[in-house]
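Participant: Input structure: final-v4.pdb, which contains PDB, C-alpha atoms.
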ATOM      1  CA  PHE Q 459      -0.487  17.710  10.764
ATOM      2  CA  ALA Q 460       3.238  17.570   9.970
ATOM      3  CA  PHE Q 461       4.425  15.598   6.957
ATOM      4  CA  PRO Q 462       5.222  11.962   7.862
ATOM      5  CA  ILE Q 463       8.886  12.379   6.954
ATOM      6  CA  SER Q 464       9.075  15.229   9.499
ATOM      7  CA  THR Q 465       7.120  13.435  12.208
ATOM      8  CA  ALA Q 466       9.226  10.301  11.789
ATOM      9  CA  MET Q 467      12.383  12.303  12.518
ATOM     10  CA  SER Q 468      11.185  12.707  16.097
ATOM     11  CA  PHE Q 469      11.630   8.952  16.742
ATOM     12  CA  ASN Q 470       8.625   9.428  19.003
ATOM     13  CA  ARG Q 471       6.267   6.461  18.919
ATOM     14  CA  THR Q 472       3.766   8.249  21.160
ATOM     15  CA  MET Q 473       3.533  11.106  18.682
ATOM     16  CA  TRP Q 474       3.025   8.717  15.782
ATOM     17  CA  TRP Q 475       0.230   6.959  17.663
ATOM     18  CA  ALA Q 476      -1.386  10.255  18.690
ATOM     19  CA  THR Q 477      -1.279  11.549  15.101
ATOM     20  CA  GLY Q 478      -3.009   8.445  13.815
ATOM     21  CA  GLN Q 479      -5.510   8.583  16.674
ATOM     22  CA  GLN Q 480      -6.582  12.141  15.912
ATOM     23  CA  ILE Q 481      -6.871  11.587  12.163
ATOM     24  CA  GLY Q 482      -8.870   8.396  12.795
ATOM     25  CA  ARG Q 483     -11.175  10.260  15.188
ATOM     26  CA  GLU Q 484     -11.804  12.946  12.582
ATOM     27  CA  ALA Q 485     -12.380  10.274   9.925
ATOM     28  CA  ARG Q 486     -15.044   8.620  12.084
ATOM     29  CA  ALA Q 487     -16.655  11.982  12.834
ATOM     30  CA  PHE Q 488     -16.911  12.851   9.146
ATOM     31  CA  MET Q 489     -18.473   9.454   8.438
ATOM     32  CA  ASN Q 490     -20.931   9.799  11.303
ATOM     33  CA  VAL Q 491     -22.347  13.019   9.830
ATOM     34  CA  GLY Q 492     -22.442  11.588   6.298
ATOM     35  CA  ASP Q 493     -19.623  13.655   4.786
ATOM     36  CA  ALA Q 494     -17.097  10.850   4.159
ATOM     37  CA  TRP Q 495     -16.357   7.179   4.533
ATOM     38  CA  SER Q 496     -14.022   5.859   7.212
ATOM     39  CA  THR Q 497     -11.674   3.887   4.961
ATOM     40  CA  PHE Q 498      -8.500   5.887   4.387
ATOM     41  CA  TRP Q 499      -5.744   4.807   2.003
ATOM     42  CA  ALA Q 500      -2.897   5.730   4.335
ATOM     43  CA  PRO Q 501      -0.130   5.521   5.450
ATOM     44  CA  VAL Q 502       2.451   5.528   2.650
ATOM     45  CA  ILE Q 503       5.262   3.284   3.901
ATOM     46  CA  ASN Q 504       7.482   2.981   0.851
ATOM     47  CA  LEU Q 505      11.142   3.752   1.421
ATOM     48  CA  ALA Q 506      12.494   7.184   0.482
ATOM     49  CA  ARG Q 507      15.463   5.890  -1.473
ATOM     50  CA  GLU Q 508      15.034   7.805  -4.729
ATOM     51  CA  PRO Q 509      15.633  11.549  -4.193
ATOM     52  CA  ARG Q 510      13.804  12.431  -7.415
ATOM     53  CA  TRP Q 511      10.592  10.808  -6.196
ATOM     54  CA  GLY Q 512       8.081  13.574  -5.553
ATOM     55  CA  ARG Q 513       6.309  11.693  -2.754
ATOM     56  CA  ASN Q 514       9.233  11.224  -0.394
ATOM     57  CA  LEU Q 515       7.641  13.679   2.046
ATOM     58  CA  GLU Q 516       4.676  11.309   2.401
ATOM     59  CA  THR Q 517       6.912   8.530   3.722
ATOM     60  CA  PRO Q 518       8.558   8.106   7.139
ATOM     61  CA  GLY Q 519      11.992   7.943   5.486
ATOM     62  CA  GLU Q 520      14.583   5.557   4.095
ATOM     63  CA  ASP Q 521      15.051   3.144   6.994
ATOM     64  CA  PRO Q 522      12.955  -0.079   6.919
ATOM     65  CA  PHE Q 523      12.840  -0.531  10.700
ATOM     66  CA  LEU Q 524      11.880   3.076  11.414
ATOM     67  CA  THR Q 525       9.217   2.961   8.704
ATOM     68  CA  GLY Q 526       7.758  -0.244  10.133
ATOM     69  CA  GLU Q 527       7.648   1.185  13.644
ATOM     70  CA  TYR Q 528       5.965   4.345  12.344
ATOM     71  CA  ALA Q 529       3.395   2.264  10.463
ATOM     72  CA  THR Q 530       2.665   0.139  13.522
ATOM     73  CA  GLN Q 531       1.974   3.072  15.825
ATOM     74  CA  TRP Q 532       0.114   5.205  13.283
ATOM     75  CA  VAL Q 533      -2.180   2.346  12.268
ATOM     76  CA  GLN Q 534      -2.887   1.317  15.855
ATOM     77  CA  GLY Q 535      -3.795   4.897  16.733
ATOM     78  CA  PHE Q 536      -5.877   5.402  13.618
ATOM     79  CA  GLU Q 537      -7.867   2.187  13.790
ATOM     80  CA  HIS Q 538      -8.531   1.824  17.529
ATOM     81  CA  SER Q 539     -10.215   4.092  20.054
ATOM     82  CA  LYS Q 540     -10.359   3.585  23.810
ATOM     83  CA  ASP Q 541     -13.904   4.937  23.638
ATOM     84  CA  ASP Q 542     -15.027   1.831  21.717
ATOM     85  CA  PRO Q 543     -12.430  -0.950  21.869
ATOM     86  CA  THR Q 544     -14.687  -3.533  20.201
ATOM     87  CA  HIS Q 545     -15.006  -1.765  16.829
ATOM     88  CA  ILE Q 546     -12.626  -0.312  14.260
ATOM     89  CA  GLN Q 547     -12.568   3.481  14.560
ATOM     90  CA  ALA Q 548     -11.519   3.849  10.912
ATOM     91  CA  SER Q 549      -9.749   1.564   8.456
ATOM     92  CA  ALA Q 550      -6.128   2.245   7.473
ATOM     93  CA  CYS Q 551      -4.431   0.917   4.348
ATOM     94  CA  CYS Q 552      -0.660   0.494   4.144
ATOM     95  CA  LYS Q 553       0.591   1.325   0.665
ATOM     96  CA  HIS Q 554       2.068   0.968  -1.935
ATOM     97  CA  TYR Q 555       2.861  -2.751  -1.729
ATOM     98  CA  ALA Q 556       5.673  -2.970  -2.789
ATOM     99  CA  ALA Q 557       9.035  -1.565  -3.980
ATOM    100  CA  ASN Q 558       7.305   1.562  -5.253
ATOM    101  CA  SER Q 559       9.200   4.848  -5.485
ATOM    102  CA  MET Q 560       8.795   5.891  -9.103
ATOM    103  CA  GLU Q 561       6.570   8.522 -10.692
ATOM    104  CA  SER Q 562       8.190   9.473 -13.998
ATOM    105  CA  SER Q 563      11.831   9.437 -14.984
ATOM    106  CA  THR Q 564      14.070   9.267 -18.038
ATOM    107  CA  VAL Q 565      17.343   7.370 -17.647
ATOM    108  CA  ALA Q 566      19.834   6.936 -20.501
ATOM    109  CA  GLY Q 567      17.173   7.962 -22.973
ATOM    110  CA  GLN Q 568      14.580   5.465 -21.719
ATOM    111  CA  HIS Q 569      11.423   6.826 -20.098
ATOM    112  CA  PHE Q 570       9.826   5.086 -17.123
ATOM    113  CA  THR Q 571       6.487   5.771 -15.449
ATOM    114  CA  ARG Q 572       4.987   4.459 -12.229
ATOM    115  CA  THR Q 573       2.459   2.418 -14.231
ATOM    116  CA  SER Q 574       5.024   0.617 -16.376
ATOM    117  CA  PHE Q 575       8.107   0.424 -14.148
ATOM    118  CA  ASP Q 576       9.547  -2.995 -13.318
ATOM    119  CA  ALA Q 577      11.491  -2.957 -10.042
ATOM    120  CA  ASN Q 578      14.329  -5.450 -10.294
ATOM    121  CA  VAL Q 579      15.104  -6.274  -6.679
ATOM    122  CA  SER Q 580      17.065  -9.168  -5.218
ATOM    123  CA  MET Q 581      15.126 -11.439  -2.895
ATOM    124  CA  ARG Q 582      17.381 -10.463  -0.003
ATOM    125  CA  ASP Q 583      16.833  -6.718  -0.497
ATOM    126  CA  LEU Q 584      13.128  -7.252  -1.089
ATOM    127  CA  VAL Q 585      12.652  -9.153   2.169
ATOM    128  CA  ASP Q 586      15.119  -7.188   4.316
ATOM    129  CA  SER Q 587      14.194  -3.718   3.055
ATOM    130  CA  TYR Q 588      11.131  -3.178   0.889
ATOM    131  CA  LEU Q 589       8.774  -5.692   2.518
ATOM    132  CA  LEU Q 590       9.840  -5.133   6.122
ATOM    133  CA  PRO Q 591       7.646  -2.051   6.776
ATOM    134  CA  PHE Q 592       4.613  -3.871   5.385
ATOM    135  CA  GLN Q 593       5.357  -6.916   7.518
ATOM    136  CA  ALA Q 594       5.392  -4.700  10.607
ATOM    137  CA  CYS Q 595       2.206  -2.968   9.483
ATOM    138  CA  VAL Q 596       0.446  -6.338   9.204
ATOM    139  CA  GLU Q 597       1.928  -8.341  12.075
ATOM    140  CA  LYS Q 598       2.300  -5.580  14.670
ATOM    141  CA  GLY Q 599      -0.049  -2.874  13.437
ATOM    142  CA  LYS Q 600      -2.846  -5.343  12.522
ATOM    143  CA  VAL Q 601      -3.826  -3.102   9.610
ATOM    144  CA  THR Q 602      -7.136  -3.845   7.899
ATOM    145  CA  GLY Q 603      -6.092  -2.852   4.362
ATOM    146  CA  LEU Q 604      -3.201  -3.118   1.904
ATOM    147  CA  MET Q 605      -2.840  -1.485  -1.512
ATOM    148  CA  CYS Q 606      -0.930  -3.263  -4.261
ATOM    149  CA  SER Q 607       1.193  -0.910  -6.338
ATOM    150  CA  TYR Q 608       1.380   0.072 -10.008
ATOM    151  CA  ASN Q 609       4.839  -1.329 -10.617
ATOM    152  CA  SER Q 610       5.977  -4.840 -11.350
ATOM    153  CA  ILE Q 611       8.487  -6.617  -9.160
ATOM    154  CA  ASN Q 612      10.929  -8.759 -11.097
ATOM    155  CA  GLY Q 613       8.543  -8.981 -14.021
ATOM    156  CA  VAL Q 614       5.283  -9.630 -12.158
ATOM    157  CA  PRO Q 615       2.792  -6.765 -11.589
ATOM    158  CA  SER Q 616       2.171  -6.319  -7.876
ATOM    159  CA  CYS Q 617      -1.603  -6.700  -8.166
ATOM    160  CA  ALA Q 618      -1.194  -9.991 -10.072
ATOM    161  CA  ASN Q 619       1.552 -11.344  -7.831
ATOM    162  CA  THR Q 620       0.304 -14.428  -5.985
ATOM    163  CA  TRP Q 621       3.545 -14.755  -4.048
ATOM    164  CA  LEU Q 622       3.353 -11.163  -2.807
ATOM    165  CA  LEU Q 623      -0.359 -10.969  -1.985
ATOM    166  CA  THR Q 624      -1.225 -14.509  -0.900
ATOM    167  CA  ASP Q 625       1.924 -16.418  -0.006
ATOM    168  CA  VAL Q 626       3.596 -13.566   1.875
ATOM    169  CA  ALA Q 627       0.890 -11.165   3.094
ATOM    170  CA  ARG Q 628      -1.879 -13.627   3.907
ATOM    171  CA  ASN Q 629      -0.152 -16.944   4.555
ATOM    172  CA  ALA Q 630       3.208 -15.913   6.029
ATOM    173  CA  TRP Q 631       2.182 -12.720   7.843
ATOM    174  CA  GLY Q 632      -1.425 -13.651   8.632
ATOM    175  CA  PHE Q 633      -3.021 -10.623   6.963
ATOM    176  CA  ASP Q 634      -6.799 -10.798   7.383
ATOM    177  CA  GLY Q 635      -8.023  -7.609   5.712
ATOM    178  CA  TYR Q 636      -8.754  -6.471   2.180
ATOM    179  CA  ILE Q 637      -6.297  -5.777  -0.637
ATOM    180  CA  THR Q 638      -7.168  -3.004  -3.053
ATOM    181  CA  SER Q 639      -5.438  -2.114  -6.268
ATOM    182  CA  ASP Q 640      -4.045   1.348  -6.717
ATOM    183  CA  CYS Q 641      -6.406   3.119  -9.085
ATOM    184  CA  ASP Q 642      -6.217   1.453 -12.515
ATOM    185  CA  ALA Q 643      -3.367  -0.824 -11.387
ATOM    186  CA  ASP Q 644      -5.490  -3.847 -12.359
ATOM    187  CA  ALA Q 645      -5.832  -2.433 -15.863
ATOM    188  CA  ASN Q 646      -2.086  -1.830 -15.964
ATOM    189  CA  VAL Q 647      -1.509  -5.573 -15.639
ATOM    190  CA  TYR Q 648      -2.750  -5.827 -19.226
ATOM    191  CA  ASP Q 649      -1.424  -2.487 -20.459
ATOM    192  CA  PRO Q 650       1.269  -1.147 -20.124
ATOM    193  CA  HIS Q 651       2.835  -4.136 -18.332
ATOM    194  CA  HIS Q 652       1.593  -6.574 -21.031
ATOM    195  CA  TYR Q 653       1.725  -9.328 -18.448
ATOM    196  CA  THR Q 654      -1.341 -10.954 -20.023
ATOM    197  CA  SER Q 655      -2.530 -11.217 -23.615
ATOM    198  CA  THR Q 656      -6.105 -10.056 -22.976
ATOM    199  CA  PRO Q 657      -8.002  -7.923 -20.445
ATOM    200  CA  GLU Q 658      -9.902 -11.031 -19.373
ATOM    201  CA  GLU Q 659      -6.671 -12.830 -18.516
ATOM    202  CA  ALA Q 660      -5.628  -9.787 -16.475
ATOM    203  CA  VAL Q 661      -8.891  -9.974 -14.495
ATOM    204  CA  ALA Q 662      -8.251 -13.653 -13.756
ATOM    205  CA  ALA Q 663      -4.645 -12.909 -12.778
ATOM    206  CA  VAL Q 664      -5.455 -10.203 -10.226
ATOM    207  CA  LEU Q 665      -8.341 -12.115  -8.675
ATOM    208  CA  HIS Q 666      -6.383 -15.363  -8.398
ATOM    209  CA  ALA Q 667      -3.417 -13.476  -6.959
ATOM    210  CA  GLY Q 668      -5.539 -12.085  -4.110
ATOM    211  CA  THR Q 669      -6.594  -8.557  -5.087
ATOM    212  CA  ASP Q 670     -10.027  -7.998  -3.527
ATOM    213  CA  VAL Q 671     -10.955  -4.478  -4.632
ATOM    214  CA  ASP Q 672     -10.521  -2.920  -8.078
ATOM    215  CA  CYS Q 673     -10.127   0.842  -7.837
ATOM    216  CA  THR Q 674     -12.021   2.118 -10.919
ATOM    217  CA  SER Q 675     -13.859  -0.141 -13.346
ATOM    218  CA  PHE Q 676     -11.496  -2.556 -15.128
ATOM    219  CA  VAL Q 677     -12.567  -5.758 -13.365
ATOM    220  CA  GLY Q 678     -16.243  -4.824 -13.555
ATOM    221  CA  LYS Q 679     -15.932  -4.123 -17.278
ATOM    222  CA  TYR Q 680     -14.265  -7.424 -18.173
ATOM    223  CA  ALA Q 681     -15.439  -9.809 -15.440
ATOM    224  CA  LYS Q 682     -18.372 -11.244 -17.431
ATOM    225  CA  SER Q 683     -16.324 -11.901 -20.537
ATOM    226  CA  ALA Q 684     -13.569 -13.380 -18.328
ATOM    227  CA  LEU Q 685     -16.080 -15.817 -16.854
ATOM    228  CA  ASP Q 686     -17.445 -16.650 -20.310
TER
END
Would you mind writing the file's structure down as structure tokens?
Facilitator:
Amino acid sequence: FAFPISTAMSFNRTMWWATGQQIGREARAFMNVGDAWSTFWAPVINLAREPRWGRNLETPGEDPFLTGEYATQWVQGFEHSKDDPTHIQASACCKHYAANSMESSTVAGQHFTRTSFDANVSMRDLVDSYLLPFQACVEKGKVTGLMCSYNSINGVPSCANTWLLTDVARNAWGFDGYITSDCDADANVYDPHHYTSTPEEAVAAVLHAGTDVDCTSFVGKYAKSALD
């Protein structure tokens, strides 16, 4: 399949749907023969606004509306099959929620990584730009999964952000699926973000915020001591 940033340039919703449909069909086939599961952490719908970001080719591009339309069609094709309209063909997961376009960069002598970066974004730009593709993915695409990102947004790690995960995604948009952390993003709430003083407080923060699935073992390791 073509890279998403190439496919998106076609402005062809039918192609986006057909691409998702074929990948979803193959995902279900692999699961049916026991070679894979049918939950895929795709598509990437962050905005390609940082030319140094190595994952720009995984995104549909820089435009929020185009990215949301791509997400809607790809997810609908991936998750639903005319052969069995009553069941999910395979589960998609729109990521990385949100304002995530950083891997590793040094600016003015200060080094940033995707696990420690704090995206300082105005509320207007956040709502009009960075959240818009995810809103389309949820409200129009009816996606079954979201992935919260490594970075913080205005000082709050995405996976511990009650406003982002519960107030916006679930309550405002009506999201009714699962939210997974990016792998080790729950641990990053404690270190390197230092949003909480202890690992146990980080576990409480991500669970209260609305993160359902911990990719790797941080929550499992500290859940008992958090409850104690």
Participant: In Å to one decimal, how far is CA of Tyr653 in chain Q from CA of Tyr636 in chain Q?
Facilitator: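 Between these atoms lies a distance of 23.3 Å.
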Participant: Determine, counting only C-alpha atoms, which protein, DNA and RNA residues have an atom within 9 Å of an atom of Thr525 in chain Q; residues of the same chain fewer than 2 positions away are not included. Present the result as a ChimeraX atom specification.
Facilitator: /Q:466,503-505,517-523,527-530,590-592,594
Participant: Would you mind reading off the distance between CA of Gly482 in chain Q and CA of Ser607 in chain Q, one decimal, in Å?
Facilitator: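 Between these atoms lies a distance of 23.5 Å.
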Participant: Which value, in Å to one decimal, gives the distance between CA of Ala684 in chain Q and CA of Cys552 in chain Q?
Facilitator: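 CA of Ala684 in chain Q sits 29.4 Å away from CA of Cys552 in chain Q.
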Participant: Range 624-631 of chain Q: which residues within 8 Å, counting only C-alpha atoms, same-chain residues fewer than 4 positions away excluded, as a compact mmCIF listing (two decimals) with C-alpha atoms, keeping the file's coordinate frame?
Facilitator:
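Result saved to result35.txt:
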# COMPACT_ATOMS: atom_id res chain seq x y z
CA GLN Q 593 5.36 -6.92 7.52
CA VAL Q 596 0.45 -6.34 9.20
CA GLU Q 597 1.93 -8.34 12.08
CA THR Q 620 0.30 -14.43 -5.98
CA ALA Q 667 -3.42 -13.48 -6.96
CA GLY Q 668 -5.54 -12.08 -4.11
Participant: Go through Q:Asn558, Q:Asn619, Q:Thr638, Q:Thr564 and flag the residue nearest Val579 in chain Q, using only C-alpha atoms for the distances.
Facilitator: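 Nearest candidate to Val579 in chain Q out of Q:Asn558, Q:Asn619, Q:Thr638, Q:Thr564: Q:Asn558.
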